[in-house]
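final28.tsv (TSV, C-alpha atoms and all ligand atoms) appears below.
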```
chain	number	residue	atom	x	y	z
A	6	MET	CA	-50.40	-19.10	108.82
A	7	GLN	CA	-46.78	-18.59	107.86
A	8	LYS	CA	-47.82	-15.97	105.35
A	9	ARG	CA	-49.92	-14.04	107.86
A	10	VAL	CA	-47.06	-13.89	110.28
A	11	PHE	CA	-44.83	-12.70	107.49
A	12	LEU	CA	-47.29	-9.98	106.49
A	13	ALA	CA	-47.76	-8.84	110.04
A	14	THR	CA	-44.02	-8.66	110.50
A	15	ALA	CA	-43.64	-6.75	107.23
A	16	ALA	CA	-46.32	-4.26	108.30
A	17	LEU	CA	-44.62	-3.77	111.63
A	18	ALA	CA	-41.30	-3.33	109.89
A	19	THR	CA	-42.75	-0.60	107.68
A	20	PHE	CA	-44.08	1.32	110.65
A	21	ALA	CA	-40.95	0.67	112.58
A	22	LEU	CA	-38.67	1.98	109.88
A	23	PRO	CA	-38.62	5.71	110.66
A	24	ALA	CA	-38.04	5.00	114.32
A	25	GLY	CA	-35.41	2.45	113.36
A	26	LEU	CA	-33.63	5.05	111.28
A	27	ALA	CA	-33.74	7.54	114.07
A	28	LEU	CA	-32.29	4.89	116.35
A	29	ALA	CA	-29.50	4.11	113.91
A	30	GLN	CA	-28.53	7.78	113.82
A	31	ASP	CA	-28.71	7.95	117.56
A	32	ASN	CA	-26.66	4.85	118.08
A	33	SER	CA	-23.53	6.53	119.29
A	34	PHE	CA	-22.59	7.14	122.89
A	35	LYS	CA	-20.27	10.08	123.17
A	36	ILE	CA	-17.65	10.59	125.85
A	37	GLY	CA	-16.08	14.05	125.80
A	38	LEU	CA	-12.74	14.18	127.59
A	39	ILE	CA	-11.35	17.61	128.41
A	40	LEU	CA	-7.64	17.28	129.12
A	41	PRO	CA	-4.48	19.38	129.23
A	42	MET	CA	-2.78	18.09	126.06
A	43	THR	CA	-0.44	21.10	125.85
A	44	GLY	CA	1.29	23.32	128.42
A	45	GLN	CA	2.70	22.59	131.86
A	46	GLN	CA	0.19	19.81	132.63
A	47	ALA	CA	0.45	18.03	129.25
A	48	SER	CA	1.81	14.78	130.70
A	49	THR	CA	-1.51	14.37	132.54
A	50	GLY	CA	-3.46	14.63	129.27
A	51	LYS	CA	-1.12	12.28	127.50
A	52	GLN	CA	-1.35	9.65	130.25
A	53	ILE	CA	-5.14	9.81	130.47
A	54	GLU	CA	-5.66	9.70	126.71
A	55	ALA	CA	-3.35	6.67	126.41
A	56	ALA	CA	-5.18	4.89	129.23
A	57	ALA	CA	-8.65	5.66	127.83
A	58	ARG	CA	-7.64	4.36	124.41
A	59	LEU	CA	-6.15	1.25	126.01
A	60	TYR	CA	-9.41	0.61	127.88
A	61	MET	CA	-11.34	0.88	124.62
A	62	ALA	CA	-8.91	-1.37	122.74
A	63	GLN	CA	-9.28	-4.01	125.46
A	64	ASN	CA	-13.03	-3.72	125.95
A	65	GLY	CA	-14.31	-2.93	122.47
A	66	ASN	CA	-16.17	0.15	121.32
A	67	THR	CA	-19.68	-1.23	121.41
A	68	VAL	CA	-21.54	-1.44	124.70
A	69	ALA	CA	-25.25	-2.31	125.09
A	70	GLY	CA	-25.66	-1.81	121.32
A	71	LYS	CA	-24.14	1.68	121.39
A	72	LYS	CA	-21.02	2.68	119.55
A	73	ILE	CA	-18.67	4.53	121.88
A	74	GLU	CA	-17.17	7.67	120.45
A	75	LEU	CA	-14.32	9.33	122.30
A	76	ILE	CA	-13.88	13.07	121.73
A	77	ILE	CA	-10.74	14.63	123.20
A	78	LYS	CA	-10.39	18.39	123.66
A	79	ASP	CA	-7.33	20.27	124.87
A	80	ASP	CA	-7.92	22.93	127.54
A	81	ALA	CA	-4.22	23.43	128.40
A	82	ALA	CA	-5.43	23.37	132.05
A	83	THR	CA	-6.99	26.83	131.58
A	84	PRO	CA	-10.39	27.04	133.30
A	85	ASP	CA	-12.15	29.49	130.93
A	86	VAL	CA	-11.18	27.24	128.03
A	87	THR	CA	-12.41	24.20	129.98
A	88	LYS	CA	-15.76	25.88	130.53
A	89	ARG	CA	-16.21	26.82	126.85
A	90	LEU	CA	-15.21	23.31	125.73
A	91	ALA	CA	-17.62	21.70	128.20
A	92	GLN	CA	-20.42	23.90	126.86
A	93	GLU	CA	-19.58	23.04	123.25
A	94	LEU	CA	-19.34	19.33	123.99
A	95	VAL	CA	-22.75	19.33	125.67
A	96	VAL	CA	-24.60	21.65	123.28
A	97	ASN	CA	-23.03	20.91	119.88
A	98	ASP	CA	-21.64	17.40	120.20
A	99	LYS	CA	-24.38	16.24	122.58
A	100	VAL	CA	-21.97	14.13	124.62
A	101	ASN	CA	-23.48	11.66	127.08
A	102	VAL	CA	-20.67	12.00	129.59
A	103	LEU	CA	-17.95	14.56	130.29
A	104	GLY	CA	-14.62	13.36	131.65
A	105	GLY	CA	-10.93	14.09	132.20
A	106	PHE	CA	-10.09	17.36	134.07
A	107	GLY	CA	-6.35	17.58	134.67
A	108	VAL	CA	-6.43	20.25	137.39
A	109	THR	CA	-8.84	21.39	140.08
A	110	PRO	CA	-9.72	24.80	138.55
A	111	ALA	CA	-10.70	23.03	135.30
A	112	ALA	CA	-13.01	20.59	137.10
A	113	LEU	CA	-14.61	23.44	139.06
A	114	ALA	CA	-15.14	25.49	135.87
A	115	ALA	CA	-17.03	22.65	134.18
A	116	ALA	CA	-19.14	21.70	137.23
A	117	PRO	CA	-22.06	24.15	136.58
A	118	ILE	CA	-22.39	22.87	133.00
A	119	ALA	CA	-22.74	19.30	134.26
A	120	THR	CA	-25.43	20.43	136.71
A	121	GLN	CA	-27.40	22.52	134.21
A	122	SER	CA	-27.34	19.87	131.47
A	123	LYS	CA	-27.65	16.88	133.84
A	124	THR	CA	-24.55	15.34	132.29
A	125	PRO	CA	-22.40	13.02	134.44
A	126	LEU	CA	-18.87	14.40	134.79
A	127	VAL	CA	-16.12	11.94	135.66
A	128	VAL	CA	-13.06	13.57	137.26
A	129	MET	CA	-10.11	11.38	136.29
A	130	ALA	CA	-7.23	13.55	137.58
A	131	ALA	CA	-8.02	16.55	139.79
A	132	ALA	CA	-7.77	15.86	143.51
A	133	THR	CA	-8.97	18.73	145.72
A	134	SER	CA	-11.38	17.31	148.26
A	135	SER	CA	-14.23	19.76	147.58
A	136	ILE	CA	-14.56	19.05	143.82
A	137	THR	CA	-17.30	16.44	144.21
A	138	GLN	CA	-19.39	19.00	146.11
A	139	ALA	CA	-19.33	21.43	143.16
A	140	SER	CA	-22.01	19.43	141.30
A	141	PRO	CA	-24.24	16.45	142.13
A	142	TYR	CA	-23.28	15.11	138.66
A	143	ILE	CA	-19.57	14.72	139.52
A	144	VAL	CA	-18.05	11.30	140.11
A	145	ARG	CA	-14.33	10.93	140.84
A	146	THR	CA	-11.98	8.09	139.86
A	147	SER	CA	-8.66	9.76	140.73
A	148	PHE	CA	-7.99	10.39	144.43
A	149	THR	CA	-8.18	13.15	146.99
A	150	VAL	CA	-5.01	14.81	148.23
A	151	PRO	CA	-6.17	14.50	151.88
A	152	GLN	CA	-6.35	10.69	151.46
A	153	ALA	CA	-2.61	10.66	150.79
A	154	ALA	CA	-1.56	13.53	153.09
A	155	VAL	CA	-3.23	12.08	156.20
A	156	ALA	CA	-1.69	8.63	155.63
A	157	LEU	CA	1.76	10.18	155.45
A	158	ALA	CA	1.17	12.29	158.57
A	159	ASP	CA	0.36	9.06	160.44
A	160	TRP	CA	3.50	7.35	159.17
A	161	ALA	CA	6.00	10.20	159.69
A	162	PRO	CA	6.13	10.64	163.50
A	163	LYS	CA	6.36	6.87	163.99
A	164	ASN	CA	9.47	7.00	161.83
A	165	GLY	CA	11.48	9.70	163.52
A	166	ILE	CA	10.00	12.64	161.63
A	167	LYS	CA	8.64	15.19	164.09
A	168	LYS	CA	9.63	18.59	162.76
A	169	VAL	CA	8.45	19.27	159.23
A	170	VAL	CA	8.33	22.15	156.74
A	171	THR	CA	5.58	21.92	154.13
A	172	LEU	CA	6.03	23.15	150.56
A	173	VAL	CA	2.99	23.09	148.31
A	174	SER	CA	1.72	24.50	145.01
A	175	ASP	CA	-0.43	27.48	145.85
A	176	TYR	CA	-3.89	26.32	144.74
A	177	GLY	CA	-6.66	23.87	145.73
A	178	PRO	CA	-4.86	20.55	146.11
A	179	GLY	CA	-1.74	22.19	147.61
A	180	ILE	CA	-3.80	24.00	150.25
A	181	ASP	CA	-5.58	20.71	151.03
A	182	ALA	CA	-2.23	18.94	151.34
A	183	GLU	CA	-0.82	21.60	153.66
A	184	ARG	CA	-3.86	21.69	155.93
A	185	PHE	CA	-4.60	17.98	156.21
A	186	PHE	CA	-0.94	17.07	156.67
A	187	LYS	CA	-0.45	19.71	159.35
A	188	ASP	CA	-3.63	18.89	161.29
A	189	ARG	CA	-2.85	15.19	161.41
A	190	LEU	CA	0.85	15.59	162.16
A	191	THR	CA	0.06	17.99	165.00
A	192	PHE	CA	-2.56	15.55	166.32
A	193	ASN	CA	0.14	12.86	166.27
A	194	GLY	CA	2.54	14.99	168.32
A	195	GLY	CA	4.61	16.36	165.43
A	196	GLN	CA	5.04	19.96	164.36
A	197	VAL	CA	4.91	21.91	161.11
A	198	VAL	CA	7.49	24.64	161.66
A	199	ASP	CA	6.89	26.53	158.43
A	200	ALA	CA	4.37	26.31	155.59
A	201	LEU	CA	5.61	27.51	152.20
A	202	ARG	CA	3.53	27.98	149.05
A	203	VAL	CA	4.96	28.20	145.53
A	204	PRO	CA	3.10	29.52	142.50
A	205	LEU	CA	1.50	26.88	140.27
A	206	ARG	CA	2.74	28.47	137.04
A	207	SER	CA	6.47	28.16	136.28
A	208	PRO	CA	7.53	27.67	139.89
A	209	ASP	CA	11.08	28.42	141.02
A	210	PHE	CA	11.72	26.21	144.02
A	211	ALA	CA	15.23	27.49	144.74
A	212	PRO	CA	14.49	30.31	147.21
A	213	PHE	CA	12.02	28.12	149.11
A	214	LEU	CA	14.47	25.25	149.33
A	215	GLN	CA	17.17	27.59	150.61
A	216	LYS	CA	14.85	28.63	153.39
A	217	VAL	CA	14.11	24.99	154.26
A	218	ARG	CA	17.84	24.28	154.38
A	219	ASP	CA	18.30	27.06	156.89
A	220	ILE	CA	15.43	25.83	159.10
A	221	LYS	CA	16.78	22.25	158.91
A	222	PRO	CA	13.62	20.28	159.76
A	223	ASP	CA	13.56	16.46	159.98
A	224	ALA	CA	11.69	16.42	156.69
A	225	LEU	CA	10.31	18.53	153.89
A	226	PHE	CA	6.76	17.54	152.94
A	227	VAL	CA	5.95	18.38	149.31
A	228	PHE	CA	2.84	18.55	147.19
A	229	VAL	CA	3.28	19.57	143.55
A	230	PRO	CA	1.04	18.50	140.68
A	231	SER	CA	1.96	15.70	138.32
A	232	GLY	CA	4.82	16.76	136.05
A	233	ALA	CA	6.53	19.09	138.55
A	234	GLY	CA	8.13	16.46	140.80
A	235	ALA	CA	11.35	16.06	138.82
A	236	ALA	CA	12.19	19.77	139.17
A	237	VAL	CA	11.67	19.64	142.95
A	238	MET	CA	13.81	16.53	143.26
A	239	LYS	CA	16.61	18.01	141.14
A	240	GLN	CA	16.81	21.23	143.14
A	241	PHE	CA	16.48	19.39	146.46
A	242	LEU	CA	19.49	17.23	145.56
A	243	GLU	CA	21.50	20.07	144.00
A	244	ARG	CA	21.30	21.94	147.27
A	245	GLY	CA	22.53	18.87	149.14
A	246	MET	CA	19.45	18.91	151.36
A	247	ASP	CA	19.51	15.11	151.71
A	248	LYS	CA	23.15	15.24	152.80
A	249	ALA	CA	22.19	17.91	155.34
A	250	GLY	CA	19.91	15.30	156.92
A	251	ILE	CA	16.58	16.62	155.60
A	252	LYS	CA	14.28	13.89	154.31
A	253	LEU	CA	11.99	14.49	151.35
A	254	ILE	CA	8.46	13.12	151.83
A	255	GLY	CA	5.20	13.86	150.04
A	256	THR	CA	2.07	12.70	148.35
A	257	GLY	CA	2.99	10.36	145.48
A	258	ASP	CA	2.65	13.17	142.95
A	259	VAL	CA	6.28	14.11	143.64
A	260	THR	CA	7.67	10.70	142.66
A	261	ASP	CA	5.31	10.48	139.69
A	262	ASP	CA	5.85	7.26	137.70
A	263	ASP	CA	5.83	9.37	134.53
A	264	GLN	CA	9.14	10.96	135.60
A	265	LEU	CA	10.56	8.82	138.40
A	266	ASN	CA	12.90	6.70	136.34
A	267	ASP	CA	14.73	9.81	135.10
A	268	MET	CA	15.14	11.34	138.57
A	269	GLY	CA	18.38	9.45	139.27
A	270	GLU	CA	19.71	7.61	142.30
A	271	GLY	CA	19.21	10.63	144.53
A	272	ALA	CA	15.51	9.75	144.59
A	273	LEU	CA	16.23	6.39	146.26
A	274	GLY	CA	14.61	6.08	149.67
A	275	VAL	CA	12.05	8.87	149.24
A	276	VAL	CA	8.85	7.88	151.06
A	277	THR	CA	5.46	8.95	149.74
A	278	ALA	CA	1.81	8.00	150.24
A	279	HIS	CA	-0.48	7.43	147.26
A	280	HIS	CA	-3.14	5.24	145.70
A	281	TYR	CA	-1.26	4.02	142.64
A	282	SER	CA	2.19	2.71	141.81
A	283	ALA	CA	3.22	1.12	138.52
A	284	ALA	CA	4.94	-1.42	140.79
A	285	HIS	CA	1.70	-2.40	142.59
A	286	PRO	CA	2.14	-6.17	142.85
A	287	SER	CA	-1.20	-7.49	141.60
A	288	ALA	CA	-1.94	-9.58	138.50
A	289	ALA	CA	-4.41	-6.91	137.29
A	290	ASN	CA	-1.75	-4.21	137.52
A	291	LYS	CA	0.95	-6.27	135.85
A	292	LYS	CA	-1.42	-6.82	132.94
A	293	PHE	CA	-2.32	-3.13	132.83
A	294	VAL	CA	1.30	-1.91	132.90
A	295	GLU	CA	2.41	-4.40	130.24
A	296	ALA	CA	-0.43	-3.54	127.88
A	297	PHE	CA	0.04	0.22	128.46
A	298	GLU	CA	3.78	0.06	127.80
A	299	LYS	CA	3.27	-2.09	124.71
A	300	ALA	CA	0.77	0.37	123.25
A	301	ASN	CA	2.79	3.46	124.24
A	302	LYS	CA	6.49	2.92	123.68
A	303	GLY	CA	8.72	4.65	126.19
A	304	MET	CA	5.89	5.52	128.60
A	305	ARG	CA	5.16	4.08	132.03
A	306	PRO	CA	1.59	4.49	133.32
A	307	ASN	CA	1.27	6.81	136.32
A	308	PHE	CA	-1.62	7.56	138.69
A	309	MET	CA	-3.25	9.75	136.04
A	310	ALA	CA	-3.39	6.77	133.68
A	311	ALA	CA	-5.02	4.72	136.45
A	312	GLY	CA	-7.65	7.44	136.96
A	313	GLY	CA	-8.39	7.56	133.21
A	314	TYR	CA	-8.56	3.79	132.80
A	315	ASP	CA	-10.89	3.39	135.77
A	316	GLY	CA	-12.97	6.38	134.67
A	317	MET	CA	-13.63	4.64	131.36
A	318	ARG	CA	-14.56	1.50	133.28
A	319	VAL	CA	-17.09	3.41	135.36
A	320	ILE	CA	-18.63	4.92	132.19
A	321	TYR	CA	-18.73	1.61	130.27
A	322	GLU	CA	-20.36	-0.23	133.17
A	323	ALA	CA	-22.93	2.53	133.70
A	324	LEU	CA	-23.87	2.30	130.03
A	325	ARG	CA	-24.11	-1.48	130.28
A	326	ALA	CA	-26.23	-1.32	133.45
A	327	THR	CA	-28.68	1.13	131.83
A	328	LYS	CA	-28.83	-1.08	128.73
A	329	GLY	CA	-27.84	1.78	126.46
A	330	LYS	CA	-31.07	3.67	127.12
A	331	GLY	CA	-30.16	5.76	130.11
A	332	THR	CA	-30.54	9.49	130.63
A	333	GLY	CA	-27.79	11.43	132.38
A	334	ASP	CA	-29.54	10.77	135.69
A	335	ASP	CA	-29.76	7.03	135.01
A	336	LEU	CA	-26.09	6.89	134.07
A	337	LEU	CA	-25.14	8.81	137.19
A	338	ALA	CA	-27.15	6.42	139.36
A	339	ALA	CA	-25.36	3.48	137.73
A	340	MET	CA	-21.95	5.04	138.42
A	341	LYS	CA	-22.67	5.41	142.12
A	342	GLY	CA	-21.73	2.39	144.18
A	343	GLN	CA	-19.58	0.68	141.54
A	344	ILE	CA	-17.05	-1.57	143.19
A	345	PHE	CA	-14.28	-3.27	141.26
A	346	GLU	CA	-10.63	-4.21	141.07
A	347	SER	CA	-8.56	-1.43	139.55
A	348	PRO	CA	-4.88	-1.69	138.64
A	349	ARG	CA	-4.39	0.26	141.92
A	350	GLY	CA	-6.18	-2.41	143.97
A	351	PRO	CA	-9.83	-2.57	145.07
A	352	MET	CA	-11.84	0.62	144.60
A	353	PHE	CA	-15.35	1.82	145.22
A	354	ILE	CA	-17.42	4.84	144.17
A	355	ASP	CA	-19.17	5.91	147.38
A	356	ALA	CA	-22.84	6.35	146.45
A	357	GLN	CA	-23.30	9.16	148.99
A	358	THR	CA	-20.28	11.30	148.17
A	359	ARG	CA	-19.63	10.10	144.57
A	360	ASP	CA	-15.99	10.08	145.57
A	361	VAL	CA	-13.47	7.26	145.38
A	362	VAL	CA	-12.80	5.00	148.37
A	363	GLN	CA	-9.51	3.15	147.97
A	364	ASN	CA	-6.36	1.80	149.57
A	365	ILE	CA	-3.57	4.25	150.27
A	366	TYR	CA	-0.09	2.77	150.16
A	367	LEU	CA	3.14	3.89	151.78
A	368	ARG	CA	5.91	3.50	149.26
A	369	LYS	CA	9.65	3.94	149.09
A	370	VAL	CA	11.67	4.62	145.94
A	371	GLU	CA	13.78	1.56	145.19
A	372	LYS	CA	15.66	0.11	142.28
A	373	LYS	CA	14.12	-2.95	140.67
A	374	ASP	CA	15.60	-4.53	137.55
A	375	GLY	CA	17.68	-1.40	137.01
A	376	GLN	CA	14.70	0.97	137.17
A	377	LEU	CA	13.34	3.26	139.87
A	378	PHE	CA	9.92	2.42	141.28
A	379	ASN	CA	7.64	3.41	144.17
A	380	VAL	CA	7.70	0.11	146.04
A	381	GLU	CA	4.74	-0.33	148.41
A	382	PHE	CA	5.62	-1.36	151.97
A	383	ASP	CA	2.41	-0.69	153.88
A	384	VAL	CA	-1.28	-0.18	153.17
A	385	ILE	CA	-4.22	1.60	154.78
A	386	LYS	CA	-7.32	-0.08	153.44
A	387	ASP	CA	-10.54	1.47	152.11
A	388	VAL	CA	-9.68	5.09	152.80
A	389	LYS	CA	-12.54	7.58	152.39
A	390	ASP	CA	-11.78	11.21	151.64
A	391	PRO	CA	-10.91	12.75	155.04
A	392	GLY	CA	-12.21	16.06	153.66
A	393	LYS	CA	-15.79	14.78	153.62
A	394	ALA	CA	-15.93	14.41	157.37
A	395	LYS	CA	-15.21	18.10	158.01
B	1	LIG	C1	-4.18	18.09	140.83
B	1	LIG	C2	-3.34	18.02	139.72
B	1	LIG	C3	-2.31	17.11	139.70
B	1	LIG	O1	-1.49	17.02	138.63
B	1	LIG	C4	-2.08	16.27	140.79
B	1	LIG	O2	-1.05	15.41	140.74
B	1	LIG	C5	-2.91	16.34	141.89
B	1	LIG	C6	-3.96	17.25	141.91
B	1	LIG	C7	-5.28	19.07	140.85
B	1	LIG	O3	-5.17	20.14	140.24
B	1	LIG	O4	-6.29	18.80	141.50
```
As structure tokens, please, write out the structure in this file.
Amino acid sequence: MQKRVFLATAALATFALPAGLALAQDNSFKIGLILPMTGQQASTGKQIEAAARLYMAQNGNTVAGKKIELIIKDDAATPDVTKRLAQELVVNDKVNVLGGFGVTPAALAAAPIATQSKTPLVVMAAATSSITQASPYIVRTSFTVPQAAVALADWAPKNGIKKVVTLVSDYGPGIDAERFFKDRLTFNGGQVVDALRVPLRSPDFAPFLQKVRDIKPDALFVFVPSGAGAAVMKQFLERGMDKAGIKLIGTGDVTDDDQLNDMGEGALGVVTAHHYSAAHPSAANKKFVEAFEKANKGMRPNFMAAGGYDGMRVIYEALRATKGKGTGDDLLAAMKGQIFESPRGPMFIDAQTRDVVQNIYLRKVEKKDGQLFNVEFDVIKDVKDPGKAK
């Protein structure tokens, strides 16, 4: 009896061998992250890479029997390069998931490749509302600029800010910021008296700030992408705009945790709205910040790191839910509807829109233990992208 079982098993094993070999070769699960590792947006790439590696170090690199392989490619935030890299990752490397995308034009350039190849694409940084509509395979773990802009436009008029000039980077997320802030502020009885747009590449804020000084609004509302906030703050203070009674407000990109601590005391009191602060007072965030800072000396995680860390979580859990056997469509289905506690607080991937639903916090720059932080003082819970309702 024993022998027959043994023989039967041996026979099965013989037949199973070629398939087994094929399986062994096919045992990797590849995540291709396209990030700006060089150029003006490099801090975004650096933050997301560090966060993705931290997630893997904490959660292991084997999920549902698959070995996770992370491939990182640098697009320098240049959309034609993004598109070529996405193609190469799908066709040559046969990645299971695409991720990253530091700026909106990069995410939009890769969207058709995700659709054609049925590859889930996780946007971990870019924040223009319309991105998720560019492909049914896009899932977002960052935020949408309208989520933050609308929250701030509700806060401002209740806090003595009625007359505002907007100053935004002249591309997708900046145009979203300008429009959603203005619409909501106007609805709330406030007024945008001028709307200024600065070029994305190598912006010189000086002439724009001079103009704002002359107009003398209650506040200047700013959207600039991650990495550009320190330059705005410096020139704002150099011109003595704060002393002239003009408040600086914005989406949290302007008081980016990656740069905030070096902005100096002049940044104290700046109010912004955003989904992530390194000072978010939850146990999960404390653990995240400590581990991130330990693994990356001299760096503080910013909202880009949060988007990268949570993006990896969404991918890992989709792989786990599909038991390592899923197609792109199966993985996508398992990404939709995920609900979990992020370092930012609770978050949810809306199954209908594939976009992130999350808390938006109002924060003020304060000094804590000798360092500058965005300290949260109010919260709007479970905010959907206001752009999806339009
Ligand atoms: C985008 C880029 C950023 O660095 C940011 O802070 C917000 C939005 C973008 O291009 O979508």
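The binding environment of ligand LIG 1 (chain B), defined as every protein, DNA or RNA residue with an atom no more than 6 Å away and counting all atoms listed in the file, comprises Gly107, Val108, Thr109, Ala131, Ala132, Thr133, Pro178, Pro230, Ser231 and Asp258 of chain A.
When all atoms listed in the file are used to measure the gap to Val294 (chain A), the shortest distance among A:Val276, A:Leu59, A:Leu377, A:Met42 belongs to A:Leu59.
You will find CA of Gln152 (chain A) at 17.6 Å from CA of Leu172 (chain A).
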Can I get the residues of region 15-102 of chain A within 6 Å of region 110-128 of chain A, each with the closest pair of atoms and their distance in Å to one decimal, using all atoms listed in the file, sorted chain first then ascending number, as JSON lines?
```
{"residue": "A:Pro84", "atom": "CA", "partner": "A:Ala111", "partner_atom": "CA", "distance": 4.5}
{"residue": "A:Thr87", "atom": "CA", "partner": "A:Ala111", "partner_atom": "CA", "distance": 5.7}
{"residue": "A:Lys88", "atom": "CA", "partner": "A:Ala115", "partner_atom": "CA", "distance": 5.0}
{"residue": "A:Val102", "atom": "CA", "partner": "A:Pro125", "partner_atom": "CA", "distance": 5.2}
```
Pick out the closest residue to Glu298 (chain A) from this set: A:Ala310, A:Phe186, A:Gly333, A:Val361. Count only C-alpha atoms.
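Nearest candidate to Glu298 (chain A) out of A:Ala310, A:Phe186, A:Gly333, A:Val361: A:Ala310.
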Where is the centre and how long are the edges: axis-aligned box on region 177-193 of chain A, 3 Å on each side, Å to one decimal, as AutoDock Vina command-line options:
```
--center_x -2.9 --center_y 18.4 --center_z 156.0 --size_x 13.5 --size_y 17.1 --size_z 26.6
```
